[in-house]
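The file work_18.json comes next; it holds JSON, C-alpha atoms.
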[["chain", "number", "residue", "atom", "x", "y", "z"],
["A", 1, "MET", "CA", 2.04, -10.37, 10.57],
["A", 2, "GLY", "CA", 2.17, -11.01, 6.84],
["A", 3, "GLN", "CA", -0.39, -9.34, 4.61],
["A", 4, "LYS", "CA", -3.42, -11.06, 3.19],
["A", 5, "HIS", "CA", -4.23, -10.54, -0.48],
["A", 6, "GLU", "CA", -1.65, -7.87, -1.21],
["A", 7, "PHE", "CA", -3.32, -7.09, -4.53],
["A", 8, "GLU", "CA", -6.84, -7.22, -3.11],
["A", 9, "ILE", "CA", -9.13, -4.56, -4.53],
["A", 10, "ILE", "CA", -10.34, -2.70, -1.47],
["A", 11, "THR", "CA", -14.03, -1.77, -1.46],
["A", 12, "GLU", "CA", -16.49, -0.76, 1.21],
["A", 13, "LYS", "CA", -20.27, -0.70, 0.89],
["A", 14, "ASN", "CA", -22.15, 2.57, 1.30],
["A", 15, "ILE", "CA", -19.05, 4.72, 1.54],
["A", 16, "ASP", "CA", -17.05, 6.46, -1.17],
["A", 17, "TYR", "CA", -14.19, 7.67, 0.99],
["A", 18, "LYS", "CA", -12.27, 6.98, 4.19],
["A", 19, "ALA", "CA", -9.31, 8.25, 6.17],
["A", 20, "PHE", "CA", -6.92, 6.29, 8.38],
["A", 21, "ILE", "CA", -3.43, 6.49, 9.85],
["A", 22, "ASN", "CA", -1.18, 3.56, 9.12],
["A", 23, "VAL", "CA", 2.07, 3.07, 11.06],
["A", 24, "LEU", "CA", 4.07, 1.00, 8.62],
["A", 25, "LYS", "CA", 7.48, -0.37, 7.95],
["A", 26, "TYR", "CA", 6.60, -2.32, 4.84],
["A", 27, "ARG", "CA", 3.49, -2.47, 2.71],
["A", 28, "ALA", "CA", 3.89, -5.09, 0.01],
["A", 29, "PRO", "CA", 2.90, -4.36, -3.60],
["A", 30, "HIS", "CA", -0.87, -3.91, -3.71],
["A", 31, "ILE", "CA", -3.63, -2.33, -5.73],
["A", 32, "HIS", "CA", -7.09, -0.89, -5.09],
["A", 33, "SER", "CA", -9.87, 0.88, -6.93],
["A", 34, "GLU", "CA", -9.68, 4.22, -5.10],
["A", 35, "TYR", "CA", -7.57, 7.33, -5.45],
["A", 36, "GLU", "CA", -5.19, 7.28, -2.49],
["A", 37, "LEU", "CA", -3.74, 10.44, -0.99],
["A", 38, "GLY", "CA", -0.97, 10.18, 1.57],
["A", 39, "LEU", "CA", 0.69, 12.58, 4.01],
["A", 40, "VAL", "CA", 3.88, 11.45, 5.73],
["A", 41, "LEU", "CA", 3.55, 12.54, 9.36],
["A", 42, "TYR", "CA", 7.00, 11.58, 10.66],
["A", 43, "GLY", "CA", 10.09, 9.83, 9.36],
["A", 44, "GLU", "CA", 11.17, 8.80, 5.88],
["A", 45, "ALA", "CA", 9.97, 6.13, 3.46],
["A", 46, "THR", "CA", 10.21, 4.92, -0.12],
["A", 47, "LEU", "CA", 7.16, 4.82, -2.37],
["A", 48, "LYS", "CA", 7.20, 2.72, -5.52],
["A", 49, "ILE", "CA", 4.40, 3.32, -8.02],
["A", 50, "ASP", "CA", 4.50, 1.04, -11.04],
["A", 51, "LYS", "CA", 8.11, 1.42, -12.23],
["A", 52, "SER", "CA", 8.96, 4.68, -10.46],
["A", 53, "SER", "CA", 10.53, 5.06, -7.02],
["A", 54, "ASN", "CA", 10.16, 8.14, -4.80],
["A", 55, "SER", "CA", 11.91, 9.05, -1.54],
["A", 56, "LEU", "CA", 9.44, 10.49, 0.97],
["A", 57, "LYS", "CA", 10.09, 12.59, 4.05],
["A", 58, "ALA", "CA", 7.90, 14.10, 6.76],
["A", 59, "GLY", "CA", 5.35, 16.47, 5.29],
["A", 60, "ASP", "CA", 5.42, 15.09, 1.76],
["A", 61, "ILE", "CA", 2.04, 14.56, 0.08],
["A", 62, "PHE", "CA", 1.42, 12.00, -2.66],
["A", 63, "ILE", "CA", -1.49, 10.70, -4.73],
["A", 64, "ILE", "CA", -1.85, 7.25, -6.28],
["A", 65, "ASN", "CA", -4.26, 6.59, -9.15],
["A", 66, "PRO", "CA", -6.81, 3.77, -8.97],
["A", 67, "PHE", "CA", -5.53, 0.37, -10.12],
["A", 68, "HIS", "CA", -1.85, 1.32, -10.00],
["A", 69, "VAL", "CA", 0.50, -1.08, -8.25],
["A", 70, "HIS", "CA", 2.33, 0.56, -5.34],
["A", 71, "GLU", "CA", 4.64, -0.45, -2.51],
["A", 72, "LEU", "CA", 5.80, 1.38, 0.63],
["A", 73, "SER", "CA", 8.87, 0.65, 2.73],
["A", 74, "SER", "CA", 10.99, 2.32, 5.42],
["A", 75, "GLU", "CA", 13.82, 1.55, 7.83],
["A", 76, "MET", "CA", 11.67, 2.33, 10.87],
["A", 77, "ASN", "CA", 7.90, 2.39, 11.42],
["A", 78, "VAL", "CA", 6.52, 5.54, 9.82],
["A", 79, "PRO", "CA", 3.04, 6.98, 10.54],
["A", 80, "MET", "CA", 1.22, 8.15, 7.42],
["A", 81, "LEU", "CA", -2.20, 9.69, 6.95],
["A", 82, "PHE", "CA", -4.13, 8.07, 4.09],
["A", 83, "ILE", "CA", -7.32, 9.20, 2.38],
["A", 84, "GLN", "CA", -8.95, 6.85, -0.12],
["A", 85, "VAL", "CA", -11.65, 8.14, -2.46],
["A", 86, "ASN", "CA", -13.64, 5.99, -4.87],
["A", 87, "PRO", "CA", -14.03, 7.69, -8.28],
["A", 88, "SER", "CA", -17.78, 7.02, -7.99],
["A", 89, "PHE", "CA", -17.86, 9.87, -5.44],
["A", 90, "PHE", "CA", -17.58, 12.27, -8.39],
["A", 91, "TYR", "CA", -19.81, 10.48, -10.91],
["A", 92, "ASN", "CA", -22.96, 12.54, -10.42],
["A", 93, "SER", "CA", -21.49, 15.95, -9.65],
["A", 94, "ILE", "CA", -18.30, 15.94, -11.73],
["A", 95, "PRO", "CA", -18.44, 13.22, -14.44],
["A", 96, "MET", "CA", -15.16, 14.45, -15.97],
["A", 97, "LEU", "CA", -13.32, 12.95, -12.99],
["A", 98, "ARG", "CA", -14.60, 9.48, -13.82],
["A", 99, "ASN", "CA", -11.54, 8.57, -15.88],
["A", 100, "ILE", "CA", -8.77, 10.89, -14.68],
["A", 101, "ASP", "CA", -5.18, 9.73, -14.26],
["A", 102, "PHE", "CA", -2.65, 11.98, -12.58],
["A", 103, "THR", "CA", 0.69, 11.79, -14.38],
["A", 104, "GLY", "CA", 4.27, 12.34, -13.27],
["A", 105, "ASN", "CA", 5.63, 11.17, -9.92],
["A", 106, "ASN", "CA", 2.59, 12.64, -8.11],
["A", 107, "VAL", "CA", 4.57, 13.73, -5.05],
["A", 108, "LEU", "CA", 4.30, 17.22, -3.57],
["A", 109, "PRO", "CA", 7.33, 17.84, -1.32],
["A", 110, "ALA", "CA", 6.88, 19.58, 2.00],
["A", 111, "SER", "CA", 7.42, 23.32, 1.57],
["A", 112, "ASP", "CA", 6.31, 26.81, 2.64],
["A", 113, "ASP", "CA", 4.43, 27.28, -0.63],
["A", 114, "SER", "CA", 0.88, 28.51, -0.04],
["A", 115, "ASN", "CA", -0.63, 25.90, -2.39],
["A", 116, "TYR", "CA", 1.10, 23.07, -0.55],
["A", 117, "LEU", "CA", 0.11, 24.44, 2.86],
["A", 118, "SER", "CA", -3.49, 24.88, 1.72],
["A", 119, "LEU", "CA", -3.69, 21.28, 0.47],
["A", 120, "LYS", "CA", -2.12, 19.90, 3.65],
["A", 121, "GLU", "CA", -4.60, 21.83, 5.79],
["A", 122, "LEU", "CA", -7.50, 20.46, 3.72],
["A", 123, "LEU", "CA", -6.25, 16.87, 4.13],
["A", 124, "ILE", "CA", -5.97, 17.30, 7.89],
["A", 125, "THR", "CA", -9.34, 19.05, 8.22],
["A", 126, "PHE", "CA", -11.09, 16.36, 6.18],
["A", 127, "SER", "CA", -9.46, 13.61, 8.24],
["A", 128, "ARG", "CA", -10.35, 15.22, 11.57],
["A", 129, "ALA", "CA", -13.99, 15.45, 10.48],
["A", 130, "PHE", "CA", -13.90, 11.79, 9.39],
["A", 131, "PHE", "CA", -12.30, 10.59, 12.64],
["A", 132, "GLN", "CA", -14.65, 12.61, 14.87],
["A", 133, "LYS", "CA", -17.83, 11.65, 12.97],
["A", 134, "LYS", "CA", -20.01, 14.40, 14.43],
["A", 135, "ASP", "CA", -23.60, 14.84, 13.25],
["A", 136, "PHE", "CA", -23.76, 15.36, 9.48],
["A", 137, "TYR", "CA", -20.00, 14.96, 9.15],
["A", 138, "GLU", "CA", -20.63, 13.51, 5.68],
["A", 139, "LEU", "CA", -21.58, 16.97, 4.42],
["A", 140, "ASP", "CA", -18.32, 18.43, 5.71],
["A", 141, "CYS", "CA", -16.27, 15.57, 4.27],
["A", 142, "ALA", "CA", -17.91, 15.88, 0.86],
["A", 143, "GLY", "CA", -17.16, 19.59, 0.76],
["A", 144, "TYR", "CA", -13.54, 19.14, 1.81],
["A", 145, "LEU", "CA", -13.00, 16.39, -0.77],
["A", 146, "ASN", "CA", -14.20, 18.62, -3.60],
["A", 147, "LEU", "CA", -11.79, 21.34, -2.43],
["A", 148, "ILE", "CA", -8.97, 18.81, -2.12],
["A", 149, "PHE", "CA", -9.35, 17.53, -5.67],
["A", 150, "SER", "CA", -9.83, 21.03, -7.04],
["A", 151, "LYS", "CA", -6.50, 21.94, -5.48],
["A", 152, "ILE", "CA", -4.75, 18.77, -6.73],
["A", 153, "LEU", "CA", -6.00, 19.32, -10.28],
["A", 154, "SER", "CA", -4.45, 22.79, -10.20],
["A", 155, "LEU", "CA", -1.11, 21.46, -8.93],
["A", 156, "LEU", "CA", -0.50, 18.17, -10.75],
["A", 157, "PRO", "CA", -0.61, 17.20, -14.43],
["A", 158, "TYR", "CA", -3.34, 14.75, -15.45],
["A", 159, "ARG", "CA", -4.92, 13.08, -18.46],
["A", 160, "HIS", "CA", -8.32, 11.70, -19.41],
["A", 161, "THR", "CA", -8.69, 8.01, -20.24],
["A", 162, "SER", "CA", -11.39, 6.67, -22.53],
["A", 163, "ASP", "CA", -14.28, 4.41, -21.51],
["A", 164, "TYR", "CA", -12.73, 1.75, -23.77],
["A", 165, "ASP", "CA", -9.49, 1.89, -21.79],
["A", 166, "ALA", "CA", -11.47, 1.75, -18.56],
["A", 167, "ILE", "CA", -13.24, -1.47, -19.68],
["A", 168, "ASN", "CA", -9.93, -3.08, -20.65],
["A", 169, "LEU", "CA", -8.50, -2.04, -17.30],
["A", 170, "LYS", "CA", -11.35, -3.75, -15.47],
["A", 171, "GLY", "CA", -10.52, -7.07, -17.19],
["A", 172, "LYS", "CA", -6.84, -6.69, -16.40],
["A", 173, "ILE", "CA", -7.56, -5.96, -12.74],
["A", 174, "GLY", "CA", -9.69, -9.10, -12.53],
["A", 175, "ARG", "CA", -6.75, -11.20, -13.68],
["A", 176, "ILE", "CA", -4.37, -9.46, -11.25],
["A", 177, "LYS", "CA", -6.77, -10.14, -8.40],
["A", 178, "ARG", "CA", -7.15, -13.83, -9.26],
["A", 179, "ILE", "CA", -3.40, -14.34, -9.59],
["A", 180, "SER", "CA", -2.49, -12.53, -6.38],
["A", 181, "GLU", "CA", -5.16, -14.31, -4.36],
["A", 182, "TYR", "CA", -4.03, -17.68, -5.70],
["A", 183, "ILE", "CA", -0.42, -16.96, -4.70],
["A", 184, "GLU", "CA", -1.46, -15.71, -1.26],
["A", 185, "ASN", "CA", -3.54, -18.82, -0.61],
["A", 186, "ASN", "CA", -0.94, -21.27, -1.93],
["A", 187, "TYR", "CA", 2.51, -19.75, -1.23],
["A", 188, "GLN", "CA", 3.27, -22.62, 1.18],
["A", 189, "GLU", "CA", 2.99, -25.09, -1.69],
["A", 190, "LYS", "CA", 4.87, -25.40, -4.94],
["A", 191, "ILE", "CA", 3.54, -22.72, -7.29],
["A", 192, "THR", "CA", 4.62, -22.48, -10.91],
["A", 193, "LEU", "CA", 3.96, -20.04, -13.69],
["A", 194, "SER", "CA", 2.67, -23.01, -15.65],
["A", 195, "SER", "CA", -0.09, -23.72, -13.12],
["A", 196, "LEU", "CA", -1.10, -20.06, -13.13],
["A", 197, "SER", "CA", -1.23, -19.96, -16.93],
["A", 198, "GLU", "CA", -3.49, -23.01, -16.97],
["A", 199, "MET", "CA", -5.76, -21.32, -14.44],
["A", 200, "GLU", "CA", -5.97, -18.21, -16.66],
["A", 201, "HIS", "CA", -6.23, -20.22, -19.91],
["A", 202, "VAL", "CA", -3.26, -18.45, -21.51],
["A", 203, "THR", "CA", 0.22, -19.52, -22.50],
["A", 204, "GLU", "CA", 3.04, -19.45, -19.98],
["A", 205, "THR", "CA", 4.89, -16.88, -22.11],
["A", 206, "HIS", "CA", 1.83, -14.63, -22.25],
["A", 207, "LEU", "CA", 1.32, -14.78, -18.49],
["A", 208, "SER", "CA", 5.00, -14.13, -17.82],
["A", 209, "HIS", "CA", 4.83, -10.91, -19.85],
["A", 210, "PHE", "CA", 1.51, -9.98, -18.21],
["A", 211, "PHE", "CA", 2.95, -10.52, -14.73],
["A", 212, "THR", "CA", 6.06, -8.43, -15.34],
["A", 213, "ALA", "CA", 4.09, -5.65, -17.05],
["A", 214, "ASN", "CA", 1.52, -5.33, -14.26],
["A", 215, "PHE", "CA", 3.31, -6.39, -11.07],
["A", 216, "HIS", "CA", 6.53, -4.69, -12.25],
["A", 217, "MET", "CA", 8.60, -7.64, -11.14],
["A", 218, "SER", "CA", 8.95, -11.22, -12.25],
["A", 219, "PHE", "CA", 6.68, -13.96, -10.92],
["A", 220, "GLN", "CA", 9.62, -15.51, -9.05],
["A", 221, "GLU", "CA", 10.63, -12.19, -7.47],
["A", 222, "TYR", "CA", 7.09, -11.52, -6.25],
["A", 223, "LEU", "CA", 6.79, -15.03, -4.80],
["A", 224, "MET", "CA", 10.18, -14.67, -3.09],
["A", 225, "LYS", "CA", 9.18, -11.30, -1.53],
["A", 226, "LEU", "CA", 5.95, -12.74, -0.19],
["A", 227, "ARG", "CA", 7.61, -15.86, 1.25],
["A", 228, "CYS", "CA", 10.44, -13.85, 2.83],
["A", 229, "GLU", "CA", 8.01, -11.48, 4.53],
["A", 230, "LYS", "CA", 6.07, -14.47, 5.90],
["A", 231, "ALA", "CA", 9.35, -15.94, 7.14],
["A", 232, "ARG", "CA", 10.41, -12.65, 8.73],
["A", 233, "SER", "CA", 7.15, -12.52, 10.66],
["A", 234, "LEU", "CA", 7.61, -16.09, 11.95],
["A", 235, "LEU", "CA", 11.20, -15.34, 12.98],
["A", 236, "LEU", "CA", 9.98, -12.48, 15.19],
["A", 237, "THR", "CA", 6.82, -13.98, 16.61],
["A", 238, "THR", "CA", 7.56, -17.71, 17.03],
["A", 239, "ASP", "CA", 10.27, -20.09, 18.23],
["A", 240, "LEU", "CA", 10.02, -22.26, 15.13],
["A", 241, "THR", "CA", 13.24, -23.71, 13.78],
["A", 242, "LEU", "CA", 14.57, -22.54, 10.43],
["A", 243, "ILE", "CA", 13.53, -25.87, 8.94],
["A", 244, "ASP", "CA", 9.95, -25.42, 10.13],
["A", 245, "ILE", "CA", 9.88, -21.81, 8.93],
["A", 246, "SER", "CA", 11.23, -22.88, 5.55],
["A", 247, "ILE", "CA", 8.48, -25.47, 5.14],
["A", 248, "SER", "CA", 5.79, -23.09, 6.44],
["A", 249, "CYS", "CA", 6.77, -20.42, 3.92],
["A", 250, "GLY", "CA", 7.15, -22.59, 0.85],
["A", 251, "PHE", "CA", 10.94, -23.02, 0.77],
["A", 252, "SER", "CA", 11.93, -26.61, 0.11],
["A", 253, "ASP", "CA", 15.15, -26.30, 2.10],
["A", 254, "PRO", "CA", 16.63, -23.82, 4.65],
["A", 255, "LYS", "CA", 19.46, -23.02, 2.23],
["A", 256, "TYR", "CA", 16.91, -21.55, -0.22],
["A", 257, "LEU", "CA", 15.39, -19.52, 2.61],
["A", 258, "ASN", "CA", 18.87, -18.28, 3.57],
["A", 259, "LYS", "CA", 19.67, -17.24, 0.01],
["A", 260, "ALA", "CA", 16.36, -15.43, -0.54],
["A", 261, "PHE", "CA", 16.38, -13.81, 2.91],
["A", 262, "ARG", "CA", 19.90, -12.45, 2.45],
["A", 263, "LYS", "CA", 18.89, -10.98, -0.90],
["A", 264, "MET", "CA", 15.78, -9.37, 0.63],
["A", 265, "TYR", "CA", 17.11, -8.16, 4.00],
["A", 266, "ASN", "CA", 20.93, -8.24, 3.61],
["A", 267, "CYS", "CA", 21.38, -10.78, 6.41],
["A", 268, "LEU", "CA", 20.66, -14.42, 7.20],
["A", 269, "PRO", "CA", 17.44, -15.42, 9.03],
["A", 270, "ARG", "CA", 19.38, -16.61, 12.08],
["A", 271, "GLU", "CA", 21.26, -13.28, 12.25],
["A", 272, "TYR", "CA", 18.01, -11.38, 11.94],
["A", 273, "ARG", "CA", 16.43, -13.27, 14.85],
["A", 274, "ILE", "CA", 19.51, -12.87, 17.08],
["A", 275, "SER", "CA", 19.70, -9.16, 16.31],
["A", 276, "PHE", "CA", 16.04, -8.78, 17.23],
["A", 277, "ASP", "CA", 16.42, -10.76, 20.47],
["A", 278, "ASN", "CA", 19.28, -8.45, 21.54],
["A", 279, "GLN", "CA", 17.30, -5.26, 20.97],
["A", 280, "LYS", "CA", 15.59, -3.31, 23.72],
["A", 281, "LEU", "CA", 11.91, -4.05, 24.27],
["A", 282, "VAL", "CA", 10.72, -0.73, 22.81],
["A", 283, "VAL", "CA", 12.66, -1.42, 19.60],
["A", 284, "GLN", "CA", 11.28, -4.97, 19.48],
["A", 285, "GLN", "CA", 7.73, -3.68, 19.79],
["A", 286, "SER", "CA", 8.36, -1.23, 16.99],
["A", 287, "SER", "CA", 9.84, -3.91, 14.77],
["A", 288, "MET", "CA", 7.04, -6.37, 15.45],
["A", 289, "LEU", "CA", 4.58, -3.97, 13.92],
["A", 290, "SER", "CA", 6.48, -5.19, 10.87],
["A", 291, "THR", "CA", 4.29, -4.51, 7.90],
["A", 292, "GLN", "CA", 1.60, -2.14, 9.13],
["A", 293, "ASN", "CA", -0.61, -1.15, 12.02],
["A", 294, "ILE", "CA", -3.80, 0.74, 11.17],
["A", 295, "LEU", "CA", -4.83, 2.92, 14.10],
["A", 296, "SER", "CA", -8.36, 3.37, 15.43],
["A", 297, "ASN", "CA", -10.20, 6.63, 14.70],
["A", 298, "PRO", "CA", -9.70, 8.04, 18.25],
["A", 299, "THR", "CA", -6.00, 7.15, 18.26],
["A", 300, "SER", "CA", -5.62, 8.55, 14.74],
["A", 301, "LEU", "CA", -7.21, 11.81, 15.86],
["A", 302, "LEU", "CA", -4.82, 12.11, 18.81],
["A", 303, "LEU", "CA", -1.77, 11.47, 16.63],
["A", 304, "LEU", "CA", -3.00, 13.89, 13.97],
["A", 305, "ASP", "CA", -3.56, 16.64, 16.55],
["A", 306, "LYS", "CA", -0.06, 15.99, 17.91],
["A", 307, "TYR", "CA", 1.34, 16.31, 14.39],
["A", 308, "VAL", "CA", -0.47, 19.63, 13.83],
["A", 309, "ILE", "CA", 0.95, 21.03, 17.07],
["A", 310, "SER", "CA", 4.49, 19.83, 16.31],
["A", 311, "SER", "CA", 4.29, 21.21, 12.75],
["A", 312, "SER", "CA", 3.21, 24.63, 13.97],
["A", 313, "ASP", "CA", 6.21, 24.77, 16.31],
["A", 314, "ILE", "CA", 8.68, 24.33, 13.45]]
Could I get this file's structure written as structure tokens?
Amino acid sequence: MGQKHEFEIITEKNIDYKAFINVLKYRAPHIHSEYELGLVLYGEATLKIDKSSNSLKAGDIFIINPFHVHELSSEMNVPMLFIQVNPSFFYNSIPMLRNIDFTGNNVLPASDDSNYLSLKELLITFSRAFFQKKDFYELDCAGYLNLIFSKILSLLPYRHTSDYDAINLKGKIGRIKRISEYIENNYQEKITLSSLSEMEHVTETHLSHFFTANFHMSFQEYLMKLRCEKARSLLLTTDLTLIDISISCGFSDPKYLNKAFRKMYNCLPREYRISFDNQKLVVQQSSMLSTQNILSNPTSLLLLDKYVISSSDI
């Protein structure tokens, strides 16, 4: 249930864009090379981008710049429509978009404003075309994407970054990727900032500052979050004892698991498991989706059509 490579840079060959619906309760801090647009279909969630935190509700639209750390969380599983667009999509036709960063909190609240409604309709129309994949759907998607970004540029503040900054960013992202993959692959073992600094050939002090500046949390906090989420998944999906879960998730003793888990989820692991066991099956199934559940294209299309109908009835 835990996530693999939370800071993995997501890329796909031969495609510059994609749409998907993700039913999520928690999406750990991660990063990718695309612009990411999101539309909250139902429910409420919290979006953290770098150091800022935004409360989201149904109908809110947001955009995340490439290579910006972000995290999503909610009390219940929340379906969201996501559209990811690689900046290379614009390279030939609109070079000025090569190094564009949207500034501010980048959230457009749900409203009756014509600009908001127009953008939401474009996001839905693009996604329906992507999910259906009719003949020559790529032409439709390309046209909708240009309209989408034209609308966003008219609604949100932005700035241009230099090629020099872009090159420096590429080097920084490489280090983030190496560090996050190392932690993901070794969280069950003893991991220290010292071992990471040796791997990156920098001082421990330098790496500590780098980690905090780019992950927006300390190394220890990030490691604790990852281990607690792994433990939470094992509590829900296995009958392992707390000792076994502690060892499996990199805690040297159950008391350290208890302390970290209480800090993360406001209860002890044993209490969390008992509470889950006493819930109705439908609630259990919802909870066991835990971090995220990416829907298939046909299922996404059905849910999106249901959302459109329910929105029009409001």
Do a neighbour search on Gly38 of chain A at 7 Å with only C-alpha atoms, toss out local chain neighbours closer than 5 positions, and write the hits as a VMD selection string.
-> chain A and resid 61 to 63 80 to 83
Output of the above residues as a short mmCIF file (atom, residue, chain, number, x, y, z; two decimals), in the coordinates of the input, restricted to C-alpha atoms:
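Once everything was written out, this is result03.cif:
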data_model
loop_
_atom_site.label_atom_id
_atom_site.label_comp_id
_atom_site.auth_asym_id
_atom_site.auth_seq_id
_atom_site.Cartn_x
_atom_site.Cartn_y
_atom_site.Cartn_z
CA ILE A 61 2.04 14.56 0.08
CA PHE A 62 1.42 12.00 -2.66
CA ILE A 63 -1.49 10.70 -4.73
CA MET A 80 1.22 8.15 7.42
CA LEU A 81 -2.20 9.69 6.95
CA PHE A 82 -4.13 8.07 4.09
CA ILE A 83 -7.32 9.20 2.38
#
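Using only C-alpha atoms, the smallest distance between any of A:Ser180, A:Asn185, A:Ser310, A:Asn86 and Asn214 of chain A comes from A:Ser180.
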Give as a PDB file with C-alpha atoms, keeping the file's coordinate frame the set of residues within 10 Å of the point (2.7, 6.2, 12.8), where distances use the file's coordinates and all atoms listed in the file.
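So the final result, stored in result.pdb, reads:
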ATOM      1  CA  ILE A  21      -3.430   6.490   9.850  1.00  0.00           C
ATOM      2  CA  ASN A  22      -1.180   3.560   9.120  1.00  0.00           C
ATOM      3  CA  VAL A  23       2.070   3.070  11.060  1.00  0.00           C
ATOM      4  CA  LEU A  24       4.070   1.000   8.620  1.00  0.00           C
ATOM      5  CA  LYS A  25       7.480  -0.370   7.950  1.00  0.00           C
ATOM      6  CA  VAL A  40       3.880  11.450   5.730  1.00  0.00           C
ATOM      7  CA  LEU A  41       3.550  12.540   9.360  1.00  0.00           C
ATOM      8  CA  TYR A  42       7.000  11.580  10.660  1.00  0.00           C
ATOM      9  CA  GLY A  43      10.090   9.830   9.360  1.00  0.00           C
ATOM     10  CA  MET A  76      11.670   2.330  10.870  1.00  0.00           C
ATOM     11  CA  ASN A  77       7.900   2.390  11.420  1.00  0.00           C
ATOM     12  CA  VAL A  78       6.520   5.540   9.820  1.00  0.00           C
ATOM     13  CA  PRO A  79       3.040   6.980  10.540  1.00  0.00           C
ATOM     14  CA  MET A  80       1.220   8.150   7.420  1.00  0.00           C
ATOM     15  CA  LEU A  81      -2.200   9.690   6.950  1.00  0.00           C
ATOM     16  CA  GLN A 292       1.600  -2.140   9.130  1.00  0.00           C
ATOM     17  CA  ASN A 293      -0.610  -1.150  12.020  1.00  0.00           C
ATOM     18  CA  ILE A 294      -3.800   0.740  11.170  1.00  0.00           C
ATOM     19  CA  LEU A 295      -4.830   2.920  14.100  1.00  0.00           C
ATOM     20  CA  SER A 300      -5.620   8.550  14.740  1.00  0.00           C
ATOM     21  CA  LEU A 303      -1.770  11.470  16.630  1.00  0.00           C
ATOM     22  CA  LEU A 304      -3.000  13.890  13.970  1.00  0.00           C
TER      23      LEU A 304
END
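Reported to one decimal place, the separation of atom CA of Ser114 of chain A from atom CA of Gln132 of chain A is 26.8 Å.
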Could you work out how far atom CA of Glu36 of chain A lies from atom CA of Ala19 of chain A, giving the answer in Å with one decimal?
-> 9.6 Å
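The closest residue to Leu145 of chain A, picked from A:Val85, A:Met96, A:Ala58, A:Ile64 and counting only C-alpha atoms, is A:Val85.
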Compare A:Tyr144, A:Tyr137, A:Tyr91, A:Phe67 by their minimum atom-to-atom distance to Glu121 of chain A, counting all atoms listed in the file, and give me the closest one.
-> A:Tyr144
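You will find atom CA of Thr203 of chain A at 18.4 Å from atom CA of Ile173 of chain A.
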Residue with the minimum atom-to-atom distance to Met264 of chain A, picked from A:Asp135, A:Lys225, A:Phe251, A:Leu236 with all atoms listed in the file counted, is A:Lys225
For the point (7.2, 2.6, -2.6) in file coordinates, what residues are within 10 Å, counting only C-alpha atoms? Give the answer as a PyMOL selection string?
-> chain A and resi 26-29+45-56+69-74
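With distances restricted to all atoms listed in the file, A:Asp101 is the closest residue to Thr161 of chain A from A:Glu44, A:Asp101, A:Glu271, A:Asp112.
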Name the residues in contact with Pro254 of chain A at a cut-off of 12 Å, using all atoms listed in the file, excluding same-chain residues fewer than 4 positions from it; report them as a PDB file with C-alpha atoms, keeping the file's coordinate frame.
ATOM      1  CA  CYS A 228      10.440 -13.850   2.830  1.00  0.00           C
ATOM      2  CA  ALA A 231       9.350 -15.940   7.140  1.00  0.00           C
ATOM      3  CA  THR A 241      13.240 -23.710  13.780  1.00  0.00           C
ATOM      4  CA  LEU A 242      14.570 -22.540  10.430  1.00  0.00           C
ATOM      5  CA  ILE A 243      13.530 -25.870   8.940  1.00  0.00           C
ATOM      6  CA  ASP A 244       9.950 -25.420  10.130  1.00  0.00           C
ATOM      7  CA  ILE A 245       9.880 -21.810   8.930  1.00  0.00           C
ATOM      8  CA  SER A 246      11.230 -22.880   5.550  1.00  0.00           C
ATOM      9  CA  ILE A 247       8.480 -25.470   5.140  1.00  0.00           C
ATOM     10  CA  SER A 248       5.790 -23.090   6.440  1.00  0.00           C
ATOM     11  CA  CYS A 249       6.770 -20.420   3.920  1.00  0.00           C
ATOM     12  CA  GLY A 250       7.150 -22.590   0.850  1.00  0.00           C
ATOM     13  CA  ASN A 258      18.870 -18.280   3.570  1.00  0.00           C
ATOM     14  CA  LYS A 259      19.670 -17.240   0.010  1.00  0.00           C
ATOM     15  CA  ALA A 260      16.360 -15.430  -0.540  1.00  0.00           C
ATOM     16  CA  PHE A 261      16.380 -13.810   2.910  1.00  0.00           C
ATOM     17  CA  LEU A 268      20.660 -14.420   7.200  1.00  0.00           C
ATOM     18  CA  PRO A 269      17.440 -15.420   9.030  1.00  0.00           C
ATOM     19  CA  ARG A 270      19.380 -16.610  12.080  1.00  0.00           C
TER      20      ARG A 270
END
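Restricting the calculation to all atoms listed in the file, the smallest distance between Met199 of chain A and any of A:Ser312, A:Arg175, A:Asp113, A:Glu221 is found for A:Arg175.
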Would you place a box with edges along x, y and z of the file around all atoms of segment 206-218 of chain A listed there, add 8 Å to each of its six sides, and report the centre and edge lengths in Å to one decimal, as AutoDock Vina command-line options?
--center_x 5.1 --center_y -9.7 --center_z -16.7 --size_x 23.6 --size_y 26.1 --size_z 27.2
Considering only C-alpha atoms, return as a VMD selection string whatever protein or nucleic-acid residues lie within 12 Å of Ala213 of chain A, sequence-local ones (same chain, fewer than 4 positions apart) excluded.
-> chain A and resid 50 to 51 68 to 69 172 176 206 to 209 217 to 219
Please identify all polymer residues within 12 Å of Asn146 of chain A, counting all atoms listed in the file, omitting same-chain residues fewer than 2 positions from it, and present them as JSON, numbers by chain.
-> {"A": [17, 85, 87, 89, 90, 93, 94, 97, 119, 122, 123, 126, 139, 140, 141, 142, 143, 144, 148, 149, 150, 151, 152, 153]}
